[in-house]
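Coordinates from input_38.txt are shown below (compact mmCIF, N, CA and C atoms).
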```txt
# COMPACT_ATOMS: atom_id res chain seq x y z
N MET A 1 -32.38 21.08 -51.42
CA MET A 1 -32.01 21.74 -50.20
C MET A 1 -31.71 20.76 -49.08
N ALA A 2 -32.41 19.70 -49.06
CA ALA A 2 -32.19 18.71 -48.01
C ALA A 2 -30.78 18.19 -48.06
N ALA A 3 -30.22 18.08 -49.26
CA ALA A 3 -28.86 17.60 -49.40
C ALA A 3 -27.87 18.60 -48.84
N ASP A 4 -28.15 19.90 -48.90
CA ASP A 4 -27.26 20.92 -48.37
C ASP A 4 -27.27 20.93 -46.85
N ASP A 5 -28.40 20.54 -46.24
CA ASP A 5 -28.53 20.56 -44.79
C ASP A 5 -27.80 19.39 -44.12
N ARG A 6 -27.56 18.34 -44.85
CA ARG A 6 -26.90 17.17 -44.26
C ARG A 6 -25.41 17.44 -44.08
N ALA A 7 -24.90 17.05 -42.93
CA ALA A 7 -23.45 17.20 -42.70
C ALA A 7 -22.73 16.05 -43.38
N GLU A 8 -21.65 16.39 -43.98
CA GLU A 8 -20.87 15.35 -44.64
C GLU A 8 -20.03 14.63 -43.59
N PRO A 9 -19.81 13.34 -43.75
CA PRO A 9 -18.98 12.62 -42.78
C PRO A 9 -17.57 13.19 -42.79
N PRO A 10 -16.95 13.26 -41.63
CA PRO A 10 -15.60 13.80 -41.59
C PRO A 10 -14.66 12.92 -42.42
N GLU A 11 -13.72 13.58 -43.00
CA GLU A 11 -12.75 12.86 -43.82
C GLU A 11 -11.34 13.13 -43.31
N GLY A 12 -10.43 12.36 -43.78
CA GLY A 12 -9.04 12.55 -43.39
C GLY A 12 -8.53 11.32 -42.68
N PRO A 13 -7.21 11.25 -42.46
CA PRO A 13 -6.61 10.05 -41.86
C PRO A 13 -7.01 9.84 -40.40
N GLU A 14 -7.36 10.91 -39.69
CA GLU A 14 -7.70 10.74 -38.27
C GLU A 14 -9.11 10.20 -38.07
N CYS A 15 -9.88 10.08 -39.13
CA CYS A 15 -11.26 9.63 -38.99
C CYS A 15 -11.54 8.33 -39.74
N GLY A 16 -10.58 7.77 -40.40
CA GLY A 16 -10.80 6.55 -41.18
C GLY A 16 -10.84 5.32 -40.30
N PRO A 17 -11.19 4.18 -40.89
CA PRO A 17 -11.27 2.93 -40.12
C PRO A 17 -9.92 2.54 -39.51
N ASP A 18 -8.84 2.82 -40.19
CA ASP A 18 -7.52 2.50 -39.63
C ASP A 18 -7.24 3.32 -38.38
N ALA A 19 -7.64 4.59 -38.41
CA ALA A 19 -7.43 5.46 -37.26
C ALA A 19 -8.27 4.99 -36.08
N LEU A 20 -9.48 4.56 -36.36
CA LEU A 20 -10.33 4.05 -35.28
C LEU A 20 -9.76 2.78 -34.68
N GLU A 21 -9.26 1.91 -35.51
CA GLU A 21 -8.65 0.68 -35.00
C GLU A 21 -7.40 0.99 -34.18
N GLU A 22 -6.60 1.93 -34.65
CA GLU A 22 -5.39 2.31 -33.90
C GLU A 22 -5.77 2.93 -32.54
N ARG A 23 -6.80 3.76 -32.55
CA ARG A 23 -7.27 4.37 -31.29
C ARG A 23 -7.75 3.28 -30.33
N GLU A 24 -8.48 2.30 -30.87
CA GLU A 24 -8.95 1.20 -30.02
C GLU A 24 -7.78 0.40 -29.46
N ARG A 25 -6.77 0.13 -30.30
CA ARG A 25 -5.58 -0.60 -29.81
C ARG A 25 -4.86 0.20 -28.73
N ALA A 26 -4.79 1.52 -28.91
CA ALA A 26 -4.15 2.37 -27.90
C ALA A 26 -4.91 2.32 -26.58
N LEU A 27 -6.23 2.31 -26.66
CA LEU A 27 -7.04 2.22 -25.44
C LEU A 27 -6.86 0.88 -24.76
N VAL A 28 -6.76 -0.19 -25.53
CA VAL A 28 -6.52 -1.52 -24.97
C VAL A 28 -5.16 -1.55 -24.26
N ARG A 29 -4.14 -0.94 -24.87
CA ARG A 29 -2.81 -0.88 -24.23
C ARG A 29 -2.86 -0.09 -22.93
N GLN A 30 -3.59 1.04 -22.95
CA GLN A 30 -3.71 1.86 -21.73
C GLN A 30 -4.42 1.08 -20.63
N GLU A 31 -5.47 0.37 -21.01
CA GLU A 31 -6.20 -0.43 -20.02
C GLU A 31 -5.30 -1.51 -19.43
N ALA A 32 -4.52 -2.16 -20.27
CA ALA A 32 -3.60 -3.20 -19.79
C ALA A 32 -2.56 -2.60 -18.85
N GLU A 33 -2.06 -1.43 -19.17
CA GLU A 33 -1.08 -0.76 -18.31
C GLU A 33 -1.70 -0.42 -16.95
N LEU A 34 -2.93 0.04 -16.97
CA LEU A 34 -3.61 0.35 -15.70
C LEU A 34 -3.84 -0.90 -14.87
N ARG A 35 -4.21 -1.99 -15.51
CA ARG A 35 -4.37 -3.26 -14.77
C ARG A 35 -3.05 -3.70 -14.15
N LYS A 36 -1.97 -3.54 -14.91
CA LYS A 36 -0.64 -3.90 -14.41
C LYS A 36 -0.30 -3.05 -13.18
N ARG A 37 -0.55 -1.75 -13.27
CA ARG A 37 -0.27 -0.86 -12.13
C ARG A 37 -1.11 -1.25 -10.92
N GLU A 38 -2.38 -1.55 -11.14
CA GLU A 38 -3.25 -1.96 -10.03
C GLU A 38 -2.72 -3.25 -9.40
N PHE A 39 -2.30 -4.19 -10.23
CA PHE A 39 -1.77 -5.45 -9.73
C PHE A 39 -0.52 -5.22 -8.89
N LEU A 40 0.40 -4.40 -9.41
CA LEU A 40 1.64 -4.13 -8.68
C LEU A 40 1.36 -3.38 -7.39
N ALA A 41 0.41 -2.45 -7.41
CA ALA A 41 0.06 -1.73 -6.20
C ALA A 41 -0.52 -2.70 -5.17
N GLY A 42 -1.34 -3.63 -5.64
CA GLY A 42 -1.89 -4.64 -4.74
C GLY A 42 -0.81 -5.51 -4.14
N LYS A 43 0.21 -5.85 -4.95
CA LYS A 43 1.34 -6.64 -4.45
C LYS A 43 2.07 -5.89 -3.34
N ARG A 44 2.32 -4.58 -3.58
CA ARG A 44 3.02 -3.79 -2.57
C ARG A 44 2.22 -3.75 -1.28
N ASP A 45 0.91 -3.54 -1.41
CA ASP A 45 0.07 -3.50 -0.21
C ASP A 45 0.08 -4.85 0.51
N GLY A 46 0.04 -5.94 -0.26
CA GLY A 46 0.07 -7.27 0.34
C GLY A 46 1.38 -7.53 1.05
N ILE A 47 2.47 -7.11 0.46
CA ILE A 47 3.79 -7.29 1.07
C ILE A 47 3.88 -6.46 2.35
N ALA A 48 3.38 -5.23 2.31
CA ALA A 48 3.39 -4.38 3.50
C ALA A 48 2.56 -5.02 4.61
N ASP A 49 1.41 -5.60 4.25
CA ASP A 49 0.57 -6.27 5.25
C ASP A 49 1.30 -7.46 5.86
N GLN A 50 1.98 -8.25 5.02
CA GLN A 50 2.73 -9.39 5.54
C GLN A 50 3.85 -8.94 6.46
N ARG A 51 4.55 -7.87 6.07
CA ARG A 51 5.63 -7.34 6.90
C ARG A 51 5.08 -6.91 8.26
N ASP A 52 3.92 -6.24 8.26
CA ASP A 52 3.31 -5.81 9.51
C ASP A 52 2.90 -7.01 10.37
N GLN A 53 2.37 -8.06 9.74
CA GLN A 53 1.99 -9.25 10.49
C GLN A 53 3.20 -9.90 11.14
N ILE A 54 4.30 -9.98 10.40
CA ILE A 54 5.52 -10.57 10.95
C ILE A 54 6.03 -9.73 12.12
N ALA A 55 6.00 -8.41 11.96
CA ALA A 55 6.44 -7.53 13.05
C ALA A 55 5.55 -7.72 14.28
N ASP A 56 4.25 -7.85 14.07
CA ASP A 56 3.33 -8.08 15.20
C ASP A 56 3.65 -9.40 15.90
N GLU A 57 3.90 -10.45 15.12
CA GLU A 57 4.22 -11.75 15.71
C GLU A 57 5.52 -11.69 16.51
N ARG A 58 6.51 -10.98 15.97
CA ARG A 58 7.78 -10.84 16.69
C ARG A 58 7.57 -10.09 18.00
N GLU A 59 6.75 -9.04 17.97
CA GLU A 59 6.48 -8.28 19.19
C GLU A 59 5.78 -9.15 20.22
N ARG A 60 4.80 -9.94 19.79
CA ARG A 60 4.09 -10.82 20.73
C ARG A 60 5.04 -11.84 21.34
N ALA A 61 5.91 -12.41 20.49
CA ALA A 61 6.87 -13.40 20.99
C ALA A 61 7.84 -12.77 22.00
N ALA A 62 8.30 -11.57 21.70
CA ALA A 62 9.22 -10.88 22.62
C ALA A 62 8.50 -10.55 23.93
N ASP A 63 7.26 -10.10 23.84
CA ASP A 63 6.49 -9.80 25.06
C ASP A 63 6.29 -11.06 25.91
N GLU A 64 5.98 -12.17 25.25
CA GLU A 64 5.77 -13.42 25.98
C GLU A 64 7.07 -13.88 26.65
N ARG A 65 8.18 -13.77 25.90
CA ARG A 65 9.49 -14.16 26.45
C ARG A 65 9.82 -13.31 27.68
N GLU A 66 9.58 -12.00 27.58
CA GLU A 66 9.87 -11.11 28.70
C GLU A 66 8.95 -11.38 29.88
N GLN A 67 7.70 -11.69 29.61
CA GLN A 67 6.77 -11.98 30.70
C GLN A 67 7.22 -13.25 31.44
N ARG A 68 7.64 -14.26 30.70
CA ARG A 68 8.13 -15.49 31.34
C ARG A 68 9.39 -15.21 32.15
N ALA A 69 10.28 -14.36 31.63
CA ALA A 69 11.49 -14.02 32.37
C ALA A 69 11.12 -13.28 33.66
N ASP A 70 10.13 -12.38 33.58
CA ASP A 70 9.68 -11.67 34.77
C ASP A 70 9.15 -12.64 35.82
N GLU A 71 8.43 -13.65 35.38
CA GLU A 71 7.85 -14.62 36.31
C GLU A 71 8.93 -15.45 36.99
N ARG A 72 10.03 -15.72 36.28
CA ARG A 72 11.12 -16.53 36.85
C ARG A 72 11.99 -15.74 37.83
N GLU A 73 12.07 -14.43 37.64
CA GLU A 73 12.98 -13.63 38.45
C GLU A 73 12.39 -13.33 39.83
N GLY A 74 13.30 -13.01 40.73
CA GLY A 74 12.91 -12.62 42.08
C GLY A 74 12.71 -11.12 42.15
N THR A 75 13.07 -10.53 43.33
CA THR A 75 12.82 -9.10 43.51
C THR A 75 14.09 -8.30 43.79
N SER A 76 15.24 -8.85 43.48
CA SER A 76 16.46 -8.10 43.76
C SER A 76 16.54 -6.85 42.89
N GLU A 77 17.41 -5.94 43.28
CA GLU A 77 17.58 -4.67 42.56
C GLU A 77 18.02 -4.92 41.12
N GLU A 78 18.93 -5.85 40.92
CA GLU A 78 19.40 -6.15 39.57
C GLU A 78 18.27 -6.72 38.71
N GLN A 79 17.47 -7.56 39.29
CA GLN A 79 16.35 -8.13 38.56
C GLN A 79 15.30 -7.05 38.24
N GLU A 80 15.14 -6.12 39.14
CA GLU A 80 14.21 -5.02 38.88
C GLU A 80 14.70 -4.16 37.71
N ARG A 81 16.00 -3.92 37.65
CA ARG A 81 16.55 -3.17 36.50
C ARG A 81 16.31 -3.92 35.20
N ALA A 82 16.47 -5.23 35.24
CA ALA A 82 16.23 -6.04 34.04
C ALA A 82 14.77 -5.93 33.60
N ARG A 83 13.86 -5.95 34.58
CA ARG A 83 12.43 -5.79 34.26
C ARG A 83 12.17 -4.42 33.63
N LEU A 84 12.76 -3.39 34.20
CA LEU A 84 12.56 -2.04 33.67
C LEU A 84 13.14 -1.92 32.25
N ARG A 85 14.28 -2.54 32.03
CA ARG A 85 14.88 -2.52 30.69
C ARG A 85 13.95 -3.19 29.69
N ARG A 86 13.42 -4.34 30.06
CA ARG A 86 12.50 -5.04 29.15
C ARG A 86 11.23 -4.24 28.93
N ALA A 87 10.74 -3.59 29.97
CA ALA A 87 9.55 -2.75 29.81
C ALA A 87 9.84 -1.60 28.85
N ASP A 88 11.03 -1.02 28.98
CA ASP A 88 11.43 0.05 28.06
C ASP A 88 11.49 -0.46 26.62
N GLU A 89 12.01 -1.67 26.44
CA GLU A 89 12.07 -2.26 25.10
C GLU A 89 10.66 -2.47 24.54
N ARG A 90 9.73 -2.90 25.40
CA ARG A 90 8.34 -3.06 24.94
C ARG A 90 7.76 -1.73 24.49
N VAL A 91 8.05 -0.68 25.25
CA VAL A 91 7.56 0.65 24.88
C VAL A 91 8.15 1.08 23.54
N GLN A 92 9.44 0.84 23.36
CA GLN A 92 10.07 1.21 22.09
C GLN A 92 9.47 0.45 20.92
N ARG A 93 9.18 -0.85 21.12
CA ARG A 93 8.55 -1.63 20.04
C ARG A 93 7.15 -1.10 19.75
N ALA A 94 6.42 -0.74 20.79
CA ALA A 94 5.08 -0.19 20.59
C ALA A 94 5.14 1.13 19.84
N GLN A 95 6.13 1.96 20.16
CA GLN A 95 6.29 3.23 19.45
C GLN A 95 6.64 3.00 17.99
N ALA A 96 7.51 2.03 17.74
CA ALA A 96 7.88 1.72 16.35
C ALA A 96 6.66 1.22 15.58
N ARG A 97 5.83 0.42 16.24
CA ARG A 97 4.61 -0.08 15.60
C ARG A 97 3.66 1.09 15.30
N ALA A 98 3.52 2.01 16.23
CA ALA A 98 2.65 3.17 16.01
C ALA A 98 3.17 4.02 14.85
N GLU A 99 4.47 4.17 14.75
CA GLU A 99 5.05 4.93 13.64
C GLU A 99 4.79 4.23 12.31
N ARG A 100 4.92 2.88 12.28
CA ARG A 100 4.61 2.15 11.04
C ARG A 100 3.15 2.31 10.66
N ASP A 101 2.27 2.20 11.65
CA ASP A 101 0.84 2.37 11.38
C ASP A 101 0.55 3.77 10.85
N GLN A 102 1.18 4.78 11.46
CA GLN A 102 0.95 6.15 11.00
C GLN A 102 1.47 6.34 9.58
N ALA A 103 2.61 5.73 9.26
CA ALA A 103 3.15 5.83 7.90
C ALA A 103 2.19 5.18 6.90
N ASP A 104 1.59 4.04 7.29
CA ASP A 104 0.61 3.40 6.42
C ASP A 104 -0.59 4.29 6.19
N VAL A 105 -1.08 4.92 7.26
CA VAL A 105 -2.23 5.82 7.14
C VAL A 105 -1.87 7.02 6.27
N ASP A 106 -0.70 7.60 6.49
CA ASP A 106 -0.26 8.74 5.68
C ASP A 106 -0.16 8.36 4.20
N ARG A 107 0.36 7.15 3.94
CA ARG A 107 0.50 6.68 2.56
C ARG A 107 -0.88 6.51 1.91
N GLU A 108 -1.82 5.94 2.66
CA GLU A 108 -3.16 5.74 2.12
C GLU A 108 -3.86 7.07 1.87
N ILE A 109 -3.68 8.03 2.77
CA ILE A 109 -4.28 9.36 2.58
C ILE A 109 -3.70 10.03 1.35
N ALA A 110 -2.38 9.98 1.22
CA ALA A 110 -1.73 10.61 0.06
C ALA A 110 -2.20 9.96 -1.23
N GLN A 111 -2.34 8.63 -1.22
CA GLN A 111 -2.78 7.94 -2.42
C GLN A 111 -4.22 8.31 -2.75
N SER A 112 -5.07 8.43 -1.75
CA SER A 112 -6.47 8.78 -2.02
C SER A 112 -6.60 10.22 -2.50
N GLU A 113 -5.72 11.11 -2.03
CA GLU A 113 -5.75 12.50 -2.49
C GLU A 113 -5.25 12.62 -3.92
N ARG A 114 -4.28 11.77 -4.30
CA ARG A 114 -3.76 11.81 -5.67
C ARG A 114 -4.77 11.27 -6.65
N GLY A 115 -5.57 10.33 -6.23
CA GLY A 115 -6.51 9.70 -7.14
C GLY A 115 -5.79 8.67 -7.98
N PRO A 116 -6.47 8.19 -9.03
CA PRO A 116 -5.83 7.17 -9.86
C PRO A 116 -4.64 7.74 -10.62
N ASP A 117 -3.68 6.86 -10.86
CA ASP A 117 -2.49 7.26 -11.62
C ASP A 117 -2.88 7.62 -13.04
N PRO A 118 -2.36 8.74 -13.56
CA PRO A 118 -2.65 9.08 -14.96
C PRO A 118 -1.94 8.09 -15.89
N ALA A 119 -2.55 7.84 -17.01
CA ALA A 119 -1.98 6.86 -17.95
C ALA A 119 -0.83 7.45 -18.73
```

For the file at hand, write its structure as structure tokens.
Amino acid sequence: MAADDRAEPPEGPECGPDALEERERALVRQEAELRKREFLAGKRDGIADQRDQIADERERAADEREQRADEREGTSEEQERARLRRADERVQRAQARAERDQADVDREIAQSERGPDPA
């Protein structure tokens, strides 16, 4: 009776040693693909960070250039218009920066809501 109570090992091609090895190889390939995706995602994030840093540096340089121009100018009406134009340009750059930051936040939120990429 004890022999009848024992479950027999599963048989068939899906349960043999070759099938197990193939399954293991498939899992190794999936893991490698996920690592590749993580690496590429990290590259994109790094490139986006570099682009943002360059944009920040350009904005600082433009602000400094405009501040120096303001210091050199007098108080005539034409010079005042030039100051206002430069101030408007600073505002536009700040708005563009805020839009880029918001897009980054939106992208991060969307990515966190999606979770990891399916294999």

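The space separating CA of Gln92 in chain A from atom N of Gln53 in chain A comes to 17.3 Å.
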
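Proximity to Arg58 in chain A at 12 Å, evaluated using only C-alpha atoms and with sequence-adjacent residues fewer than 4 positions away removed, yields Arg51, Asp52, Gln53, Ile54, Ala62, Asp63, Glu64, Arg65, Arg90, Arg93, Ala94 and Arg97 of chain A.
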
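If you look at atom C of Arg114 in chain A and CA of Arg25 in chain A, they are 26.0 Å away from each other.
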
- Query: With only C-alpha atoms as the basis for distance, which of A:Arg37, A:Glu113, A:Glu66, A:Glu99 is at the shortest distance from Arg85 in chain A?
  - Reply: A:Glu66

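Between atom C of Gly46 in chain A and atom N of Gln67 in chain A the separation is 29.5 Å.
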
Range 47-55 of chain A: axis-aligned bounding box, 6 Å on each side, centre and edge lengths in Å, one decimal, as lines of an AutoDock Vina configuration file:
```
center_x = 3.5
center_y = -7.5
center_z = 7.4
size_x = 17.9
size_y = 18.2
size_z = 25.8
```

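Residues in contact with Asp104 in chain A at up to 10 Å, not including ones fewer than 6 positions away on its chain and judged by only C-alpha atoms, are A:Asp45, A:Ala48, A:Asp49, A:Ala98, A:Ala110.
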
If you keep N, CA and C atoms, can you output range 55-90 of chain A as a short mmCIF file (atom, residue, chain, number, x, y, z; two decimals), in the first residue's frame?
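Full text of decode-v7.cif as output:
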```
data_model
loop_
_atom_site.label_atom_id
_atom_site.label_comp_id
_atom_site.auth_asym_id
_atom_site.auth_seq_id
_atom_site.Cartn_x
_atom_site.Cartn_y
_atom_site.Cartn_z
N ALA A 55 21.54 73.20 -19.88
CA ALA A 55 20.53 74.26 -19.97
C ALA A 55 20.65 75.21 -18.78
N ASP A 56 20.88 74.66 -17.60
CA ASP A 56 21.06 75.51 -16.41
C ASP A 56 22.27 76.42 -16.55
N GLU A 57 23.38 75.86 -17.04
CA GLU A 57 24.59 76.65 -17.22
C GLU A 57 24.37 77.77 -18.24
N ARG A 58 23.67 77.45 -19.32
CA ARG A 58 23.38 78.47 -20.33
C ARG A 58 22.52 79.58 -19.74
N GLU A 59 21.53 79.21 -18.94
CA GLU A 59 20.67 80.21 -18.31
C GLU A 59 21.47 81.10 -17.37
N ARG A 60 22.35 80.51 -16.57
CA ARG A 60 23.18 81.31 -15.66
C ARG A 60 24.08 82.27 -16.43
N ALA A 61 24.68 81.76 -17.52
CA ALA A 61 25.55 82.61 -18.33
C ALA A 61 24.77 83.77 -18.95
N ALA A 62 23.58 83.48 -19.45
CA ALA A 62 22.75 84.54 -20.04
C ALA A 62 22.34 85.55 -18.98
N ASP A 63 21.97 85.07 -17.80
CA ASP A 63 21.60 85.99 -16.72
C ASP A 63 22.77 86.88 -16.32
N GLU A 64 23.96 86.30 -16.24
CA GLU A 64 25.14 87.08 -15.87
C GLU A 64 25.45 88.12 -16.94
N ARG A 65 25.36 87.70 -18.22
CA ARG A 65 25.62 88.63 -19.33
C ARG A 65 24.63 89.80 -19.27
N GLU A 66 23.35 89.49 -19.03
CA GLU A 66 22.34 90.55 -18.97
C GLU A 66 22.54 91.45 -17.77
N GLN A 67 22.95 90.88 -16.65
CA GLN A 67 23.19 91.70 -15.47
C GLN A 67 24.34 92.67 -15.72
N ARG A 68 25.39 92.19 -16.36
CA ARG A 68 26.53 93.07 -16.69
C ARG A 68 26.10 94.17 -17.66
N ALA A 69 25.26 93.82 -18.63
CA ALA A 69 24.76 94.82 -19.58
C ALA A 69 23.93 95.86 -18.85
N ASP A 70 23.10 95.42 -17.89
CA ASP A 70 22.30 96.35 -17.10
C ASP A 70 23.19 97.31 -16.32
N GLU A 71 24.28 96.81 -15.79
CA GLU A 71 25.19 97.65 -15.00
C GLU A 71 25.89 98.69 -15.87
N ARG A 72 26.15 98.34 -17.13
CA ARG A 72 26.84 99.27 -18.04
C ARG A 72 25.91 100.36 -18.57
N GLU A 73 24.62 100.05 -18.67
CA GLU A 73 23.69 100.99 -19.29
C GLU A 73 23.29 102.11 -18.33
N GLY A 74 22.83 103.19 -18.94
CA GLY A 74 22.33 104.33 -18.18
C GLY A 74 20.85 104.17 -17.92
N THR A 75 20.12 105.32 -17.91
CA THR A 75 18.70 105.27 -17.58
C THR A 75 17.80 105.80 -18.70
N SER A 76 18.31 105.88 -19.90
CA SER A 76 17.47 106.40 -20.97
C SER A 76 16.31 105.46 -21.26
N GLU A 77 15.31 105.97 -21.96
CA GLU A 77 14.12 105.18 -22.29
C GLU A 77 14.48 103.96 -23.12
N GLU A 78 15.37 104.12 -24.08
CA GLU A 78 15.77 103.00 -24.92
C GLU A 78 16.48 101.93 -24.09
N GLN A 79 17.31 102.36 -23.19
CA GLN A 79 18.01 101.42 -22.33
C GLN A 79 17.04 100.69 -21.39
N GLU A 80 16.04 101.41 -20.96
CA GLU A 80 15.02 100.78 -20.10
C GLU A 80 14.26 99.70 -20.87
N ARG A 81 13.94 99.97 -22.13
CA ARG A 81 13.28 98.95 -22.96
C ARG A 81 14.18 97.72 -23.12
N ALA A 82 15.46 97.95 -23.30
CA ALA A 82 16.40 96.83 -23.43
C ALA A 82 16.42 96.00 -22.14
N ARG A 83 16.39 96.69 -21.00
CA ARG A 83 16.35 95.97 -19.71
C ARG A 83 15.07 95.14 -19.60
N LEU A 84 13.95 95.73 -19.98
CA LEU A 84 12.68 95.02 -19.90
C LEU A 84 12.66 93.81 -20.84
N ARG A 85 13.24 93.99 -22.02
CA ARG A 85 13.31 92.87 -22.97
C ARG A 85 14.13 91.73 -22.38
N ARG A 86 15.27 92.07 -21.80
CA ARG A 86 16.11 91.02 -21.20
C ARG A 86 15.41 90.37 -20.01
N ALA A 87 14.69 91.15 -19.23
CA ALA A 87 13.94 90.58 -18.11
C ALA A 87 12.88 89.62 -18.63
N ASP A 88 12.22 90.00 -19.72
CA ASP A 88 11.22 89.12 -20.33
C ASP A 88 11.87 87.82 -20.81
N GLU A 89 13.06 87.92 -21.39
CA GLU A 89 13.77 86.73 -21.83
C GLU A 89 14.12 85.83 -20.65
N ARG A 90 14.51 86.44 -19.53
CA ARG A 90 14.80 85.63 -18.32
C ARG A 90 13.56 84.90 -17.85
#
```
